[in-house]
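So this one's target04.cif, mmCIF, C-alpha atoms; chains and numbers go by the auth columns:
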data_query
loop_
_atom_site.group_PDB
_atom_site.id
_atom_site.type_symbol
_atom_site.label_atom_id
_atom_site.label_comp_id
_atom_site.label_asym_id
_atom_site.label_seq_id
_atom_site.Cartn_x
_atom_site.Cartn_y
_atom_site.Cartn_z
_atom_site.B_iso_or_equiv
_atom_site.auth_seq_id
_atom_site.auth_asym_id
ATOM 1 C CA MET A 1 182.529 218.909 -59.807 0.00 1 A
ATOM 2 C CA SER A 2 181.227 215.391 -59.089 0.00 2 A
ATOM 3 C CA SER A 3 177.599 214.431 -58.540 0.00 3 A
ATOM 4 C CA SER A 4 178.146 213.525 -54.828 0.00 4 A
ATOM 5 C CA SER A 5 179.637 216.909 -53.999 0.00 5 A
ATOM 6 C CA SER A 6 176.851 218.687 -55.828 0.00 6 A
ATOM 7 C CA SER A 7 174.190 216.769 -53.872 0.00 7 A
ATOM 8 C CA LEU A 8 175.830 217.727 -50.581 0.00 8 A
ATOM 9 C CA ILE A 9 175.938 221.369 -51.609 0.00 9 A
ATOM 10 C CA SER A 10 172.346 221.418 -52.822 0.00 10 A
ATOM 11 C CA ASN A 11 171.020 219.782 -49.617 0.00 11 A
ATOM 12 C CA PRO A 12 173.231 220.954 -46.718 0.00 12 A
ATOM 13 C CA VAL A 13 170.600 220.437 -43.957 0.00 13 A
ATOM 14 C CA THR A 14 170.505 216.655 -44.144 0.00 14 A
ATOM 15 C CA ASN A 15 173.660 216.061 -42.114 0.00 15 A
ATOM 16 C CA HIS A 16 173.065 218.842 -39.539 0.00 16 A
ATOM 17 C CA PRO A 17 173.357 217.560 -35.892 0.00 17 A
ATOM 18 C CA ASP A 18 170.357 219.621 -34.719 0.00 18 A
ATOM 19 C CA ARG A 19 168.080 217.589 -36.973 0.00 19 A
ATOM 20 C CA GLY A 20 168.755 214.412 -35.010 0.00 20 A
ATOM 21 C CA ARG A 21 168.175 216.196 -31.714 0.00 21 A
ATOM 22 C CA ASP A 22 164.864 217.599 -32.883 0.00 22 A
ATOM 23 C CA SER A 23 163.685 214.177 -34.009 0.00 23 A
ATOM 24 C CA SER A 24 164.646 212.598 -30.660 0.00 24 A
ATOM 25 C CA ARG A 25 162.868 215.404 -28.815 0.00 25 A
ATOM 26 C CA ARG A 26 159.735 214.889 -30.876 0.00 26 A
ATOM 27 C CA LYS A 27 159.838 211.154 -30.141 0.00 27 A
ATOM 28 C CA LYS A 28 160.211 211.785 -26.432 0.00 28 A
ATOM 29 C CA LYS A 29 157.378 214.307 -26.490 0.00 29 A
ATOM 30 C CA LYS A 30 155.079 211.884 -28.321 0.00 30 A
ATOM 31 C CA LYS A 31 155.968 209.121 -25.861 0.00 31 A
ATOM 32 C CA ALA A 32 155.254 211.377 -22.874 0.00 32 A
ATOM 33 C CA GLN A 33 151.934 212.455 -24.370 0.00 33 A
ATOM 34 C CA ALA A 34 150.967 208.828 -25.037 0.00 34 A
ATOM 35 C CA SER A 35 151.805 207.779 -21.475 0.00 35 A
ATOM 36 C CA LYS A 36 149.883 210.774 -20.100 0.00 36 A
ATOM 37 C CA HIS A 37 146.897 209.854 -22.258 0.00 37 A
ATOM 38 C CA ASP A 38 147.029 206.271 -20.968 0.00 38 A
ATOM 39 C CA LEU A 39 147.161 207.491 -17.356 0.00 39 A
ATOM 40 C CA ASN A 40 144.231 209.834 -17.882 0.00 40 A
ATOM 41 C CA GLN A 41 142.242 207.068 -19.549 0.00 41 A
ATOM 42 C CA GLN A 42 142.982 204.681 -16.692 0.00 42 A
ATOM 43 C CA ALA A 43 142.023 207.329 -14.122 0.00 43 A
ATOM 44 C CA GLY A 44 138.740 207.942 -15.944 0.00 44 A
ATOM 45 C CA GLN A 45 137.994 204.226 -15.913 0.00 45 A
ATOM 46 C CA ASN A 46 138.726 204.035 -12.174 0.00 46 A
ATOM 47 C CA HIS A 47 136.419 206.988 -11.440 0.00 47 A
ATOM 48 C CA ALA A 48 133.642 205.450 -13.530 0.00 48 A
ATOM 49 C CA ARG A 49 134.120 202.162 -11.711 0.00 49 A
ATOM 50 C CA TRP A 50 133.683 203.797 -8.296 0.00 50 A
ATOM 51 C CA LYS A 51 130.420 205.360 -9.483 0.00 51 A
ATOM 52 C CA SER A 52 128.941 202.125 -10.808 0.00 52 A
ATOM 53 C CA GLN A 53 126.201 200.311 -8.935 0.00 53 A
ATOM 54 C CA ALA A 54 127.862 196.917 -9.433 0.00 54 A
ATOM 55 C CA GLN A 55 131.037 198.057 -7.684 0.00 55 A
ATOM 56 C CA GLN A 56 128.992 199.437 -4.805 0.00 56 A
ATOM 57 C CA GLN A 57 127.190 196.112 -4.378 0.00 57 A
ATOM 58 C CA ILE A 58 130.481 194.190 -4.413 0.00 58 A
ATOM 59 C CA TYR A 59 131.931 196.537 -1.818 0.00 59 A
ATOM 60 C CA SER A 60 128.801 196.289 0.354 0.00 60 A
ATOM 61 C CA SER A 61 128.920 192.484 0.423 0.00 61 A
ATOM 62 C CA LYS A 62 132.613 192.451 1.321 0.00 62 A
ATOM 63 C CA LEU A 63 132.035 195.136 3.937 0.00 63 A
ATOM 64 C CA LEU A 64 129.305 193.071 5.585 0.00 64 A
ATOM 65 C CA GLN A 65 131.668 190.102 5.844 0.00 65 A
ATOM 66 C CA ALA A 66 134.412 192.280 7.343 0.00 66 A
ATOM 67 C CA LEU A 67 132.028 193.894 9.833 0.00 67 A
ATOM 68 C CA SER A 68 130.768 190.487 10.977 0.00 68 A
ATOM 69 C CA HIS A 69 134.341 189.524 11.856 0.00 69 A
ATOM 70 C CA VAL A 70 134.867 192.846 13.632 0.00 70 A
ATOM 71 C CA THR A 71 131.761 192.466 15.819 0.00 71 A
ATOM 72 C CA ILE A 72 132.704 188.884 16.684 0.00 72 A
ATOM 73 C CA SER A 73 136.347 189.617 17.524 0.00 73 A
ATOM 74 C CA THR A 74 135.734 192.880 19.389 0.00 74 A
ATOM 75 C CA PRO A 75 134.716 192.311 23.030 0.00 75 A
ATOM 76 C CA PRO A 76 131.495 194.081 24.103 0.00 76 A
ATOM 77 C CA THR A 77 133.308 195.719 27.032 0.00 77 A
ATOM 78 C CA ASP A 78 135.371 197.933 24.709 0.00 78 A
ATOM 79 C CA PRO A 79 134.362 201.607 24.636 0.00 79 A
ATOM 80 C CA PRO A 80 132.395 202.863 21.603 0.00 80 A
ATOM 81 C CA PRO A 81 135.320 204.927 20.184 0.00 81 A
ATOM 82 C CA ARG A 82 137.479 201.804 19.947 0.00 82 A
ATOM 83 C CA ARG A 83 134.742 199.818 18.261 0.00 83 A
ATOM 84 C CA GLY A 84 134.049 202.709 15.896 0.00 84 A
ATOM 85 C CA ARG A 85 137.725 202.841 14.986 0.00 85 A
ATOM 86 C CA ALA A 86 137.694 199.095 14.283 0.00 86 A
ATOM 87 C CA VAL A 87 134.708 199.540 11.960 0.00 87 A
ATOM 88 C CA ARG A 88 136.453 202.419 10.204 0.00 88 A
ATOM 89 C CA GLU A 89 139.635 200.395 9.720 0.00 89 A
ATOM 90 C CA ALA A 90 137.638 197.479 8.321 0.00 90 A
ATOM 91 C CA ALA A 91 135.805 199.766 5.878 0.00 91 A
ATOM 92 C CA ASP A 92 139.062 201.341 4.674 0.00 92 A
ATOM 93 C CA ARG A 93 140.747 197.956 4.330 0.00 93 A
ATOM 94 C CA VAL A 94 137.887 196.615 2.205 0.00 94 A
ATOM 95 C CA LEU A 95 138.040 199.789 0.115 0.00 95 A
ATOM 96 C CA ALA A 96 141.765 199.284 -0.481 0.00 96 A
ATOM 97 C CA VAL A 97 141.163 195.660 -1.458 0.00 97 A
ATOM 98 C CA ALA A 98 138.464 196.800 -3.899 0.00 98 A
ATOM 99 C CA ALA A 99 141.037 199.108 -5.540 0.00 99 A
ATOM 100 C CA LYS A 100 143.185 195.981 -6.182 0.00 100 A
ATOM 101 C CA GLY A 101 146.427 197.789 -5.353 0.00 101 A
ATOM 102 C CA ARG A 102 146.347 199.881 -8.510 0.00 102 A
ATOM 103 C CA THR A 103 146.663 203.159 -6.633 0.00 103 A
ATOM 104 C CA ARG A 104 149.202 204.471 -4.181 0.00 104 A
ATOM 105 C CA TRP A 105 146.606 205.180 -1.482 0.00 105 A
ATOM 106 C CA SER A 106 145.257 201.611 -1.527 0.00 106 A
ATOM 107 C CA ARG A 107 148.740 200.126 -1.226 0.00 107 A
ATOM 108 C CA ALA A 108 149.504 202.505 1.637 0.00 108 A
ATOM 109 C CA ILE A 109 146.393 201.403 3.566 0.00 109 A
ATOM 110 C CA LEU A 110 147.209 197.721 3.136 0.00 110 A
ATOM 111 C CA THR A 111 150.864 198.121 4.103 0.00 111 A
ATOM 112 C CA SER A 112 149.987 200.251 7.137 0.00 112 A
ATOM 113 C CA ARG A 113 147.693 197.464 8.299 0.00 113 A
ATOM 114 C CA LEU A 114 150.534 194.951 8.025 0.00 114 A
ATOM 115 C CA LYS A 115 152.894 197.269 9.902 0.00 115 A
ATOM 116 C CA LEU A 116 150.322 197.674 12.677 0.00 116 A
ATOM 117 C CA LYS A 117 150.060 193.896 13.089 0.00 117 A
ATOM 118 C CA PHE A 118 153.842 193.602 13.240 0.00 118 A
ATOM 119 C CA ARG A 119 154.053 196.314 15.905 0.00 119 A
ATOM 120 C CA LYS A 120 151.388 194.601 18.011 0.00 120 A
ATOM 121 C CA HIS A 121 153.277 191.291 17.926 0.00 121 A
ATOM 122 C CA LYS A 122 156.515 193.081 18.763 0.00 122 A
ATOM 123 C CA LYS A 123 154.936 194.853 21.749 0.00 123 A
ATOM 124 C CA GLN A 124 153.587 191.559 23.069 0.00 124 A
ATOM 125 C CA ARG A 125 157.025 189.941 22.891 0.00 125 A
ATOM 126 C CA VAL A 126 159.174 192.750 24.322 0.00 126 A
ATOM 127 C CA PRO A 127 158.442 193.580 28.002 0.00 127 A
ATOM 128 C CA ALA A 128 157.868 197.205 28.870 0.00 128 A
ATOM 129 C CA PRO A 129 160.803 198.923 30.623 0.00 129 A
ATOM 130 C CA ALA A 130 160.448 200.124 34.185 0.00 130 A
ATOM 131 C CA PRO A 131 159.511 203.808 34.520 0.00 131 A
ATOM 132 C CA ALA A 132 162.480 205.984 35.426 0.00 132 A
ATOM 133 C CA ALA A 133 162.323 208.281 38.416 0.00 133 A
ATOM 134 C CA ALA A 134 161.656 211.917 37.586 0.00 134 A
ATOM 135 C CA THR A 135 164.599 214.197 38.283 0.00 135 A
ATOM 136 C CA GLY A 136 164.900 217.923 38.532 0.00 136 A
ATOM 137 C CA SER A 137 166.796 218.192 35.254 0.00 137 A
ATOM 138 C CA SER A 138 164.064 216.380 33.323 0.00 138 A
ATOM 139 C CA ARG A 139 161.399 218.657 34.766 0.00 139 A
ATOM 140 C CA SER A 140 163.250 221.795 33.831 0.00 140 A
ATOM 141 C CA ARG A 141 163.614 220.815 30.186 0.00 141 A
ATOM 142 C CA LYS A 142 161.800 223.013 27.713 0.00 142 A
ATOM 143 C CA PRO A 143 159.671 221.451 24.963 0.00 143 A
ATOM 144 C CA ARG A 144 161.541 221.204 21.702 0.00 144 A
ATOM 145 C CA VAL A 145 160.206 222.906 18.603 0.00 145 A
ATOM 146 C CA SER A 146 160.301 220.770 15.483 0.00 146 A
ATOM 147 C CA VAL A 147 162.385 222.115 12.615 0.00 147 A
ATOM 148 C CA PHE A 148 159.870 220.770 10.102 0.00 148 A
ATOM 149 C CA ARG A 149 157.097 222.838 11.696 0.00 149 A
ATOM 150 C CA LEU A 150 159.180 225.966 11.430 0.00 150 A
ATOM 151 C CA LYS A 151 159.913 225.228 7.774 0.00 151 A
ATOM 152 C CA GLY A 152 156.240 224.561 7.124 0.00 152 A
ATOM 153 C CA LYS A 153 155.254 227.976 8.477 0.00 153 A
ATOM 154 C CA ASN A 154 157.650 229.728 6.119 0.00 154 A
ATOM 155 C CA LEU A 155 156.314 227.952 3.004 0.00 155 A
ATOM 156 C CA PRO A 156 154.010 229.757 0.542 0.00 156 A
ATOM 157 C CA ALA A 157 150.269 229.234 0.818 0.00 157 A
ATOM 158 C CA VAL A 158 150.046 226.934 -2.217 0.00 158 A
ATOM 159 C CA GLN A 159 152.827 224.661 -0.990 0.00 159 A
ATOM 160 C CA ARG A 160 151.251 224.484 2.461 0.00 160 A
ATOM 161 C CA LYS A 161 147.946 223.410 0.918 0.00 161 A
ATOM 162 C CA VAL A 162 149.711 220.806 -1.212 0.00 162 A
ATOM 163 C CA ARG A 163 151.452 219.468 1.890 0.00 163 A
ATOM 164 C CA VAL A 164 148.150 219.254 3.784 0.00 164 A
ATOM 165 C CA LEU A 165 146.514 217.459 0.850 0.00 165 A
ATOM 166 C CA GLY A 166 149.416 215.025 0.694 0.00 166 A
ATOM 167 C CA ARG A 167 148.915 214.210 4.369 0.00 167 A
ATOM 168 C CA LEU A 168 145.195 213.595 3.895 0.00 168 A
ATOM 169 C CA VAL A 169 145.670 211.090 1.057 0.00 169 A
ATOM 170 C CA PRO A 170 147.367 207.863 2.241 0.00 170 A
ATOM 171 C CA GLY A 171 150.798 207.264 0.773 0.00 171 A
ATOM 172 C CA CYS A 172 151.161 210.780 -0.699 0.00 172 A
ATOM 173 C CA ARG A 173 152.975 212.614 2.076 0.00 173 A
ATOM 174 C CA LYS A 174 156.182 213.224 0.067 0.00 174 A
ATOM 175 C CA GLN A 175 154.870 212.984 -3.492 0.00 175 A
ATOM 176 C CA PRO A 176 154.881 215.718 -6.168 0.00 176 A
ATOM 177 C CA LEU A 177 151.781 217.725 -6.975 0.00 177 A
ATOM 178 C CA PRO A 178 150.643 215.759 -10.104 0.00 178 A
ATOM 179 C CA VAL A 179 150.768 212.462 -8.194 0.00 179 A
ATOM 180 C CA ILE A 180 148.898 213.977 -5.233 0.00 180 A
ATOM 181 C CA LEU A 181 146.148 215.392 -7.456 0.00 181 A
ATOM 182 C CA GLU A 182 145.695 212.120 -9.335 0.00 182 A
ATOM 183 C CA GLU A 183 145.596 210.039 -6.159 0.00 183 A
ATOM 184 C CA ALA A 184 143.309 212.526 -4.378 0.00 184 A
ATOM 185 C CA THR A 185 140.808 212.465 -7.242 0.00 185 A
ATOM 186 C CA ASP A 186 140.605 208.677 -7.176 0.00 186 A
ATOM 187 C CA TYR A 187 140.577 208.546 -3.366 0.00 187 A
ATOM 188 C CA ILE A 188 137.688 211.031 -3.135 0.00 188 A
ATOM 189 C CA ALA A 189 135.652 209.046 -5.665 0.00 189 A
ATOM 190 C CA ALA A 190 136.293 205.865 -3.664 0.00 190 A
ATOM 191 C CA LEU A 191 135.278 207.561 -0.410 0.00 191 A
ATOM 192 C CA GLU A 192 132.054 208.806 -2.001 0.00 192 A
ATOM 193 C CA MET A 193 131.222 205.245 -3.001 0.00 193 A
ATOM 194 C CA GLN A 194 132.057 204.099 0.532 0.00 194 A
ATOM 195 C CA VAL A 195 129.667 206.659 2.024 0.00 195 A
ATOM 196 C CA ARG A 196 126.862 205.580 -0.325 0.00 196 A
ATOM 197 C CA ALA A 197 127.407 201.904 0.490 0.00 197 A
ATOM 198 C CA MET A 198 127.546 202.455 4.252 0.00 198 A
ATOM 199 C CA SER A 199 124.441 204.673 4.162 0.00 199 A
ATOM 200 C CA ALA A 200 122.544 201.991 2.239 0.00 200 A
ATOM 201 C CA LEU A 201 123.669 199.331 4.717 0.00 201 A
ATOM 202 C CA ALA A 202 122.643 201.514 7.659 0.00 202 A
ATOM 203 C CA ASP A 203 119.180 202.063 6.167 0.00 203 A
ATOM 204 C CA LEU A 204 118.831 198.346 5.476 0.00 204 A
ATOM 205 C CA LEU A 205 119.879 197.336 8.977 0.00 205 A
ATOM 206 C CA SER A 206 117.677 199.957 10.643 0.00 206 A
ATOM 207 C CA GLY A 207 114.702 198.800 8.581 0.00 207 A
ATOM 208 C CA SER A 208 115.298 195.164 9.467 0.00 208 A
ATOM 209 C CA THR A 209 115.661 195.897 13.192 0.00 209 A
ATOM 210 C CA SER A 210 112.495 198.029 13.259 0.00 210 A
ATOM 211 C CA GLY A 211 110.577 195.294 11.418 0.00 211 A
ATOM 212 C CA ALA A 212 111.824 192.639 13.847 0.00 212 A
ATOM 213 C CA SER A 213 110.861 194.750 16.890 0.00 213 A
ATOM 214 C CA SER A 214 107.366 195.394 15.531 0.00 214 A
ATOM 215 C CA SER A 215 106.820 191.693 14.805 0.00 215 A
ATOM 216 C CA SER A 216 108.034 190.666 18.283 0.00 216 A
ATOM 217 C CA SER A 217 105.784 193.157 20.095 0.00 217 A
ATOM 218 C CA PRO A 218 102.535 191.604 21.481 0.00 218 A
ATOM 219 C CA ALA A 219 99.311 192.252 19.669 0.00 219 A
ATOM 220 C CA PRO A 220 96.909 194.749 21.331 0.00 220 A
ATOM 221 C CA PRO A 221 93.946 193.191 23.181 0.00 221 A
ATOM 222 C CA THR A 222 90.685 193.018 21.259 0.00 222 A
#

Produce structure tokens that represent the structure in this file.
Amino acid sequence: MSSSSSSLISNPVTNHPDRGRDSSRRKKKKKAQASKHDLNQQAGQNHARWKSQAQQQIYSSKLLQALSHVTISTPPTDPPPRRGRAVREAADRVLAVAAKGRTRWSRAILTSRLKLKFRKHKKQRVPAPAPAAATGSSRSRKPRVSVFRLKGKNLPAVQRKVRVLGRLVPGCRKQPLPVILEEATDYIAALEMQVRAMSALADLLSGSTSGASSSSSPAPPT
């Protein structure tokens, strides 16, 4: 018997096809674990950034600039709900810019703003159609029930909660659960920073207005 045949007999596992599959599986598993570790590390850095005082100061300065443009462009005759909505949109837009488009929710806020501008320009160009006369057939129509609502009622409790959470986070309406949880965690941390910044600005503005009113009031007679 030759030496080559004896080596093959003594070590029969070396040419087994399952060995190559196991090695490829281990490589894929290591690659997936490395990518997951990188994502978790990036998410931790984003959360720490939202909690930093420097990021809050940067956001506050940009928010003040955005609010100054909102108060100038918004006419004083508008009702308070419309002005409050404009302030809210400006605060969310600045928050999305501060995220630098690294998250799905920030990109969704910025793209929704662009879509809203496009719709406004389109409405201004296209004239509104004349209202049609109401007929008896249109009055007798029954309201339609959405198929998606019926499907949503039949879902399990966990899936319903996941769907509600996906609707609350911008850009996560049809995303899987891991993406929704990751985006929701970052979005909540960003909203907490937004609340802290807006509360600090409100305290600062209220203090400045009270100081200006006290200085402008006449001195009591001696």

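Using all atoms listed in the file for every distance, the candidate list A:Gly20, A:Pro81, A:Gly207, A:Gly166 yields A:Gly166 as the residue closest to Tyr187 in chain A.
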
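Note that CA of Lys62 in chain A and CA of Arg113 in chain A are 17.4 Å apart.
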
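Across the model, the gap from CA of Val87 in chain A to CA of Ala108 in chain A is 18.3 Å.
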
Task: Point-to-point distance from CA of His47 in chain A to CA of Ser61 in chain A, Å rounded to tenths - done: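 Going from CA of His47 in chain A over to CA of Ser61 in chain A, I get 20.2 Å.
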
Residues within 10 Å of (131.6, 204.6, 4.3), file coordinates, counting all atoms listed in the file: what are they? Give the list as an mmCIF file with C-alpha atoms, keeping the file's coordinate frame.
data_model
loop_
_atom_site.group_PDB
_atom_site.id
_atom_site.type_symbol
_atom_site.label_atom_id
_atom_site.label_comp_id
_atom_site.auth_asym_id
_atom_site.auth_seq_id
_atom_site.Cartn_x
_atom_site.Cartn_y
_atom_site.Cartn_z
ATOM 1 C CA SER A 60 128.801 196.289 0.354
ATOM 2 C CA LEU A 63 132.035 195.136 3.937
ATOM 3 C CA VAL A 87 134.708 199.540 11.960
ATOM 4 C CA ARG A 88 136.453 202.419 10.204
ATOM 5 C CA ALA A 91 135.805 199.766 5.878
ATOM 6 C CA ASP A 92 139.062 201.341 4.674
ATOM 7 C CA LEU A 95 138.040 199.789 0.115
ATOM 8 C CA ALA A 190 136.293 205.865 -3.664
ATOM 9 C CA LEU A 191 135.278 207.561 -0.410
ATOM 10 C CA GLU A 192 132.054 208.806 -2.001
ATOM 11 C CA MET A 193 131.222 205.245 -3.001
ATOM 12 C CA GLN A 194 132.057 204.099 0.532
ATOM 13 C CA VAL A 195 129.667 206.659 2.024
ATOM 14 C CA ARG A 196 126.862 205.580 -0.325
ATOM 15 C CA ALA A 197 127.407 201.904 0.490
ATOM 16 C CA MET A 198 127.546 202.455 4.252
ATOM 17 C CA SER A 199 124.441 204.673 4.162
ATOM 18 C CA ALA A 200 122.544 201.991 2.239
ATOM 19 C CA LEU A 201 123.669 199.331 4.717
#

Open item on the list: Restricting the calculation to all atoms listed in the file: of A:Pro176, A:Asp22, A:Ala48, A:Lys27, which residue gets closest to Ala189 in chain A?
Closed with: A:Ala48

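Each of A:Leu204, A:Ala184, A:Thr77, A:Pro170 was compared to Thr111 in chain A using all atoms listed in the file, and A:Pro170 turns out to be the nearest.
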